[in-house]
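S.K.: mmCIF, C-alpha atoms and all ligand atoms, saved as run.cif, coming up:
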```
data_upload
loop_
_atom_site.group_PDB
_atom_site.id
_atom_site.type_symbol
_atom_site.label_atom_id
_atom_site.label_comp_id
_atom_site.auth_asym_id
_atom_site.auth_seq_id
_atom_site.Cartn_x
_atom_site.Cartn_y
_atom_site.Cartn_z
ATOM 1 C CA MET F 1 91.164 108.627 113.000
ATOM 2 C CA GLY F 2 92.348 110.924 110.195
ATOM 3 C CA THR F 3 94.888 110.216 107.518
ATOM 4 C CA LEU F 4 98.525 110.472 108.462
ATOM 5 C CA ALA F 5 100.617 113.479 107.788
ATOM 6 C CA ARG F 6 104.164 112.329 107.342
ATOM 7 C CA GLY F 7 107.568 113.839 107.821
ATOM 8 C CA GLU F 8 111.030 112.527 107.277
ATOM 9 C CA ARG F 9 113.809 112.035 109.786
ATOM 10 C CA GLY F 10 116.768 109.862 108.976
ATOM 11 C CA GLY F 11 114.978 108.763 105.815
ATOM 12 C CA LYS F 12 112.193 107.058 107.794
ATOM 13 C CA ALA F 13 108.498 107.820 107.584
ATOM 14 C CA LEU F 14 107.261 109.459 110.778
ATOM 15 C CA THR F 15 103.834 110.353 112.041
ATOM 16 C CA CYS F 16 103.115 114.066 112.079
ATOM 17 C CA TYR F 17 103.485 114.144 115.849
ATOM 18 C CA GLN F 18 106.907 112.501 115.749
ATOM 19 C CA ALA F 19 108.118 114.690 112.911
ATOM 20 C CA LEU F 20 107.160 117.910 114.689
ATOM 21 C CA GLY F 21 108.343 116.951 118.158
ATOM 22 C CA MET F 22 106.078 117.078 121.169
ATOM 23 C CA ALA F 23 106.346 120.776 122.004
ATOM 24 C CA ARG F 24 105.708 122.078 118.478
ATOM 25 C CA ALA F 25 102.991 119.490 117.874
ATOM 26 C CA LYS F 26 101.119 120.713 120.955
ATOM 27 C CA VAL F 27 101.404 124.357 119.900
ATOM 28 C CA LEU F 28 100.101 123.474 116.450
ATOM 29 C CA GLY F 29 97.245 121.475 117.917
ATOM 30 C CA VAL F 30 98.434 118.153 116.482
ATOM 31 C CA VAL F 31 96.884 115.340 118.482
ATOM 32 C CA MET F 32 99.091 112.584 119.850
ATOM 33 C CA LYS F 33 97.897 109.043 119.154
ATOM 34 C CA ILE F 34 98.462 106.291 121.709
ATOM 35 C CA LEU F 35 97.525 102.611 121.296
ATOM 36 C CA PHE F 36 97.165 100.266 124.290
ATOM 37 C CA VAL F 37 97.687 96.575 123.551
ATOM 38 C CA CYS F 38 97.041 93.355 125.485
ATOM 39 C CA LEU F 39 96.251 89.773 124.477
ATOM 40 C CA GLY F 40 92.458 89.632 124.130
ATOM 41 C CA ASN F 41 91.578 93.362 124.080
ATOM 42 C CA ILE F 42 88.709 92.747 126.494
ATOM 43 C CA CYS F 43 90.337 93.320 129.932
ATOM 44 C CA ARG F 44 93.605 95.233 130.334
ATOM 45 C CA SER F 45 93.984 97.355 127.210
ATOM 46 C CA PRO F 46 90.378 98.630 127.091
ATOM 47 C CA SER F 47 90.723 99.427 130.808
ATOM 48 C CA ALA F 48 93.970 101.278 130.117
ATOM 49 C CA GLU F 49 92.283 103.191 127.316
ATOM 50 C CA GLY F 50 89.219 103.917 129.454
ATOM 51 C CA VAL F 51 91.266 105.189 132.386
ATOM 52 C CA PHE F 52 93.767 107.136 130.284
ATOM 53 C CA ARG F 53 91.210 108.889 128.079
ATOM 54 C CA GLY F 54 89.633 110.300 131.237
ATOM 55 C CA LEU F 55 93.003 111.737 132.303
ATOM 56 C CA ALA F 56 94.059 112.987 128.872
ATOM 57 C CA PRO F 57 91.012 113.755 126.724
ATOM 58 C CA ASP F 58 93.233 115.674 124.285
ATOM 59 C CA VAL F 59 95.073 112.466 123.292
ATOM 60 C CA ASP F 60 93.647 110.177 120.582
ATOM 61 C CA THR F 61 93.489 106.719 122.177
ATOM 62 C CA ASP F 62 92.698 103.235 120.942
ATOM 63 C CA SER F 63 93.302 99.664 122.080
ATOM 64 C CA ALA F 64 93.871 96.300 120.404
ATOM 65 C CA GLY F 65 94.676 92.680 121.174
ATOM 66 C CA THR F 66 97.506 90.634 119.730
ATOM 67 C CA ALA F 67 94.992 87.763 119.412
ATOM 68 C CA GLY F 68 91.791 87.952 117.400
ATOM 69 C CA TRP F 69 89.535 85.770 119.559
ATOM 70 C CA HIS F 70 87.257 88.552 120.772
ATOM 71 C CA VAL F 71 87.146 90.860 117.736
ATOM 72 C CA GLY F 72 83.974 92.948 117.792
ATOM 73 C CA LYS F 73 83.132 92.177 121.425
ATOM 74 C CA PRO F 74 82.738 94.753 124.215
ATOM 75 C CA PRO F 75 85.095 94.678 127.212
ATOM 76 C CA TYR F 76 84.692 91.683 129.527
ATOM 77 C CA GLY F 77 81.695 92.074 131.877
ATOM 78 C CA PRO F 78 83.509 91.633 135.218
ATOM 79 C CA MET F 79 86.193 94.069 134.050
ATOM 80 C CA GLN F 80 83.555 96.643 133.120
ATOM 81 C CA ASP F 81 81.783 96.146 136.461
ATOM 82 C CA ALA F 82 84.969 96.763 138.458
ATOM 83 C CA ALA F 83 85.781 99.832 136.348
ATOM 84 C CA LEU F 84 82.252 101.243 136.540
ATOM 85 C CA ALA F 85 82.474 101.071 140.335
ATOM 86 C CA ARG F 86 85.323 103.605 139.993
ATOM 87 C CA GLY F 87 83.465 105.745 137.492
ATOM 88 C CA TYR F 88 85.029 104.483 134.261
ATOM 89 C CA ASP F 89 82.513 103.591 131.552
ATOM 90 C CA PHE F 90 84.182 102.103 128.482
ATOM 91 C CA SER F 91 81.221 100.040 127.306
ATOM 92 C CA ASP F 92 81.544 101.814 123.926
ATOM 93 C CA LEU F 93 84.835 100.047 123.135
ATOM 94 C CA ARG F 94 84.993 97.003 120.852
ATOM 95 C CA ALA F 95 87.835 94.537 120.522
ATOM 96 C CA ARG F 96 90.032 94.497 117.456
ATOM 97 C CA GLN F 97 93.287 92.776 116.561
ATOM 98 C CA PHE F 98 96.627 94.578 116.464
ATOM 99 C CA SER F 99 98.162 94.747 112.996
ATOM 100 C CA ALA F 100 101.299 96.076 111.305
ATOM 101 C CA VAL F 101 99.546 99.247 110.095
ATOM 102 C CA ASP F 102 99.170 100.294 113.734
ATOM 103 C CA PHE F 103 102.890 101.105 113.715
ATOM 104 C CA GLU F 104 102.153 103.833 111.195
ATOM 105 C CA ARG F 105 98.954 105.099 112.795
ATOM 106 C CA PHE F 106 100.212 105.689 116.324
ATOM 107 C CA ASP F 107 102.947 107.752 117.963
ATOM 108 C CA LEU F 108 103.269 105.413 120.928
ATOM 109 C CA ILE F 109 102.269 101.758 121.386
ATOM 110 C CA ILE F 110 101.979 100.447 124.939
ATOM 111 C CA GLY F 111 101.875 96.747 125.824
ATOM 112 C CA MET F 112 100.625 95.292 129.100
ATOM 113 C CA ASP F 113 103.247 92.537 129.399
ATOM 114 C CA ALA F 114 106.433 91.235 127.797
ATOM 115 C CA GLU F 115 104.558 88.705 125.673
ATOM 116 C CA ASN F 116 102.436 91.510 124.218
ATOM 117 C CA ILE F 117 105.610 93.457 123.399
ATOM 118 C CA ALA F 118 107.156 90.428 121.661
ATOM 119 C CA ASN F 119 103.975 89.831 119.639
ATOM 120 C CA ILE F 120 103.843 93.509 118.677
ATOM 121 C CA GLU F 121 107.497 93.609 117.642
ATOM 122 C CA VAL F 122 107.248 90.661 115.234
ATOM 123 C CA LEU F 123 104.861 92.781 113.148
ATOM 124 C CA ARG F 124 107.060 95.912 113.050
ATOM 125 C CA PRO F 125 107.547 97.031 109.424
ATOM 126 C CA VAL F 126 111.147 97.303 108.277
ATOM 127 C CA GLY F 127 112.485 100.749 109.109
ATOM 128 C CA ASN F 128 109.596 101.711 111.383
ATOM 129 C CA LYS F 129 110.734 103.577 114.525
ATOM 130 C CA THR F 130 107.500 103.887 116.501
ATOM 131 C CA GLU F 131 108.126 103.771 120.239
ATOM 132 C CA VAL F 132 106.832 100.606 121.950
ATOM 133 C CA ARG F 133 106.816 100.547 125.744
ATOM 134 C CA LEU F 134 105.563 98.500 128.661
ATOM 135 C CA PHE F 135 102.738 100.257 130.516
ATOM 136 C CA THR F 136 104.450 99.549 133.835
ATOM 137 C CA ASP F 137 107.449 101.630 132.672
ATOM 138 C CA TYR F 138 105.280 104.607 133.627
ATOM 139 C CA ALA F 139 104.781 103.411 137.214
ATOM 140 C CA PRO F 140 108.288 102.511 138.405
ATOM 141 C CA GLY F 141 107.182 102.903 142.015
ATOM 142 C CA SER F 142 104.761 99.994 141.609
ATOM 143 C CA GLY F 143 107.658 97.543 141.401
ATOM 144 C CA LYS F 144 105.722 95.694 138.673
ATOM 145 C CA SER F 145 107.077 94.750 135.262
ATOM 146 C CA GLU F 146 103.695 93.836 133.747
ATOM 147 C CA VAL F 147 99.976 94.307 134.272
ATOM 148 C CA PRO F 148 98.840 90.840 135.442
ATOM 149 C CA ASP F 149 95.938 89.549 133.363
ATOM 150 C CA PRO F 150 92.732 89.678 135.436
ATOM 151 C CA TYR F 151 91.016 87.341 132.951
ATOM 152 C CA TYR F 152 93.147 84.670 134.640
ATOM 153 C CA THR F 153 93.918 86.155 138.085
ATOM 154 C CA ARG F 154 90.331 87.425 138.600
ATOM 155 C CA ASP F 155 91.877 90.383 140.451
ATOM 156 C CA PHE F 156 90.107 93.108 138.493
ATOM 157 C CA ASP F 157 90.600 95.718 141.227
ATOM 158 C CA GLY F 158 94.305 94.977 141.496
ATOM 159 C CA ALA F 159 94.643 95.390 137.736
ATOM 160 C CA LEU F 160 92.763 98.689 137.882
ATOM 161 C CA ASP F 161 94.942 99.983 140.730
ATOM 162 C CA LEU F 162 98.042 99.353 138.626
ATOM 163 C CA ILE F 163 96.454 100.662 135.412
ATOM 164 C CA GLU F 164 95.513 103.899 137.209
ATOM 165 C CA ALA F 165 99.097 104.332 138.460
ATOM 166 C CA CYS F 166 100.534 103.668 134.983
ATOM 167 C CA ALA F 167 98.024 106.031 133.346
ATOM 168 C CA ARG F 168 98.927 108.834 135.771
ATOM 169 C CA GLY F 169 102.620 108.251 135.059
ATOM 170 C CA LEU F 170 102.057 108.257 131.307
ATOM 171 C CA LYS F 171 100.035 111.468 131.497
ATOM 172 C CA ALA F 172 102.895 113.069 133.453
ATOM 173 C CA THR F 173 105.303 112.384 130.557
ATOM 174 C CA LEU F 174 103.227 114.286 127.982
HETATM 175 P P1 LIG P 201 93.286 90.683 128.144
HETATM 176 O O1 LIG P 201 92.799 89.339 128.865
HETATM 177 O O2 LIG P 201 94.492 90.324 127.330
HETATM 178 O O3 LIG P 201 93.644 91.587 129.291
HETATM 179 O O4 LIG P 201 92.115 91.163 127.342
HETATM 180 C C1 LIG P 201 92.400 88.188 128.190
HETATM 181 C C2 LIG P 201 91.092 88.045 127.794
HETATM 182 C C3 LIG P 201 90.689 86.876 127.171
HETATM 183 C C4 LIG P 201 91.601 85.869 126.955
HETATM 184 C C5 LIG P 201 92.910 86.005 127.347
HETATM 185 C C6 LIG P 201 93.315 87.172 127.960
HETATM 186 N N1 LIG P 201 91.179 84.662 126.331
HETATM 187 O O5 LIG P 201 91.965 83.677 126.331
HETATM 188 O O6 LIG P 201 90.048 84.578 125.847
#
```
Show how you would write the structure in this file as structure tokens.
M.R.:
Amino acid sequence: MGTLARGERGGKALTCYQALGMARAKVLGVVMKILFVCLGNICRSPSAEGVFRGLAPDVDTDSAGTAGWHVGKPPYGPMQDAALARGYDFSDLRARQFSAVDFERFDLIIGMDAENIANIEVLRPVGNKTEVRLFTDYAPGSGKSEVPDPYYTRDFDGALDLIEACARGLKATL
């Protein structure tokens, strides 16, 4: 990921994408940066990244976990197996921990559940205005308010169904 170009709006530092606005940024070829966040960064957020990057290859994507337990590890095997069966290969991804600098690197940060959002928000730098949203906000028809964690539920296909719906909804907003 390149260095940040910054603008100013209301005295706050903005990423280049935010400063330009979506329409002008697209015309100028500025790439939007989206970060997907879950707890361990081995099930839901790498799946979200893997699904979304297939839908929107022009967006710069990344994922992270609020916990650091699995830093450096590839996505969880059973999660990868379920995703591969649908044609998503994200074996290249490696877990990393979310940190405060991510607020300045990304235009949009997307959490998988309310606990993720709370753990993201405690690290928000003073004055930072980066948008943080729940992934399920982009799939209102699903009736879900979080992506259930398949590490615990073992429902990897159910998680992927919801992640696909959220990813399609997110893509439709860009
Ligand atoms: P994720 O799932 O947040 O979707 O990556 C988890 C993976 C591992 C653990 C918890 C959640 N863990 O406790 O190791």
S.K.: Write out as a Markdown table a residue-level contact list of stretch 15-44 of chain F versus stretch 139-159 of chain F with cut-off 12 Å: for each qualifying residue the closest pair of atoms and the distance in Å to one decimal, counting only C-alpha atoms, rows sorted by chain and residue number upward.
M.R.:
```
| residue | atom | partner | partner_atom | distance |
| --- | --- | --- | --- | --- |
| F:Phe36 | CA | F:Val147 | CA | 12.0 |
| F:Val37 | CA | F:Val147 | CA | 11.2 |
| F:Cys38 | CA | F:Asp149 | CA | 8.8 |
| F:Leu39 | CA | F:Asp149 | CA | 8.9 |
| F:Gly40 | CA | F:Tyr151 | CA | 9.2 |
| F:Asn41 | CA | F:Tyr151 | CA | 10.7 |
| F:Ile42 | CA | F:Tyr151 | CA | 8.7 |
| F:Cys43 | CA | F:Tyr151 | CA | 6.7 |
| F:Arg44 | CA | F:Asp149 | CA | 6.9 |
```
S.K.: Closest to ligand LIG 201 (chain P) among F:Ala64, F:Val59, F:Gly21, F:Leu28, using all atoms listed in the file?
M.R.: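 Between F:Ala64, F:Val59, F:Gly21, F:Leu28, the residue approaching ligand LIG 201 (chain P) most closely is F:Ala64.
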S.K.: Pick out the closest residue to ligand LIG 201 (chain P) from this set: F:Glu104, F:Glu49, F:Asp60, F:Asp89. Count all atoms listed in the file.
M.R.: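 With all atoms listed in the file as the atom set, the closest residue is F:Glu49.
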S.K.: Got a sec to resolve the PyMOL selection byres (((chain F and resi 138) around 6) and not hetatm) on this structure and send the residues as a list in words?
M.R.: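 So the PyMOL selection byres (((chain F and resi 138) around 6) and not hetatm) ends up selecting Phe135, Thr136, Asp137, Ala139, Cys166, Gly169 and Leu170 of chain F.
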S.K.: Just checking: using only C-alpha atoms and all ligand atoms, which residue out of F:Ala100, F:Leu55, F:Ile120, F:Ala67 ends up closest to ligand LIG 201 (chain P)?
M.R.: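 Of F:Ala100, F:Leu55, F:Ile120, F:Ala67, the one nearest ligand LIG 201 (chain P), counting only C-alpha atoms and all ligand atoms, is F:Ala67.
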S.K.: Out of F:Ala23, F:Ala85, F:Val51, F:Ala95, which residue has the shortest atom-to-atom distance to ligand LIG 201 (chain P) when counting all atoms listed in the file?
M.R.: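 Among the listed residues, F:Ala95 lies closest to ligand LIG 201 (chain P).
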S.K.: Between atom N1 of ligand LIG 201 (chain P) and atom CA of F:Phe98, what is the spacing in Å?
M.R.: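 Atom N1 of ligand LIG 201 (chain P) lies 15.0 Å from atom CA of F:Phe98.
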S.K.: Specify the axis-aligned box that encloses all atoms of ligand LIG 201 (chain P) listed in the file after padding of 6 Å on each side, stating its centre and edge lengths in Å to one decimal as lines of an AutoDock Vina configuration file.
M.R.:
```
center_x = 92.3
center_y = 87.6
center_z = 127.6
size_x = 16.4
size_y = 19.9
size_z = 15.4
```
S.K.: Closest to ligand LIG 201 (chain P) among F:Gly50, F:Pro57, F:Gly87, F:Gly65, using all atoms listed in the file?
M.R.: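 Of all the options, F:Gly65 lies closest to ligand LIG 201 (chain P).
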S.K.: From the set F:Ala114, F:Val122, F:Ala172, F:Met32, which residue has the shortest atom-to-atom contact distance to ligand LIG 201 (chain P), counting only C-alpha atoms and all ligand atoms?
M.R.: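 Looking at the shortest contact to ligand LIG 201 (chain P), the residue is F:Ala114.
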S.K.: Between atom CA of F:Lys33 and atom CA of F:Phe52, what is the spacing in Å?
M.R.: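 Separating atom CA of F:Phe52 from atom CA of F:Lys33 is a distance of 12.0 Å.
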S.K.: Name every residue that the PyMOL selection byres (((chain F and resi 125) around 10) and not hetatm) selects in this structure, writing the answer as a list in words with chains first and numbers rising.
M.R.: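 Here the PyMOL selection byres (((chain F and resi 125) around 10) and not hetatm) matches Ala100, Val101, Asp102, Phe103, Glu104, Glu121, Val122, Leu123, Arg124, Val126, Gly127, Asn128, Lys129 and Thr130 of chain F.
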S.K.: Calculate how many Å separate atom C3 of ligand LIG 201 (chain P) from atom CA of F:Ile163, rounding to one decimal.
M.R.: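 Calculated distance between atom C3 of ligand LIG 201 (chain P) and atom CA of F:Ile163 is 17.1 Å.
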S.K.: Using the chain letters and numbers from this file, what does the PyMOL selection byres (((chain F and resi 90-93) around 8) and not hetatm) select? Give the answer as number ranges by chain.
M.R.: F: 46-47, 50, 74-75, 80, 88-89, 94-95
S.K.: As a PDB file with C-alpha atoms, in the frame of the given file, please: the residues near F:Val132 (cut-off 8 Å, all atoms listed in the file, same-chain neighbours under 5 positions excluded).
M.R.:
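Full text of part_4.pdb as output:
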```
ATOM      1  CA  LEU F 108     103.269 105.413 120.928  1.00  0.00           C
ATOM      2  CA  ILE F 109     102.269 101.758 121.386  1.00  0.00           C
ATOM      3  CA  ILE F 110     101.979 100.447 124.939  1.00  0.00           C
ATOM      4  CA  GLY F 111     101.875  96.747 125.824  1.00  0.00           C
ATOM      5  CA  ILE F 117     105.610  93.457 123.399  1.00  0.00           C
TER       6      ILE F 117
END
```
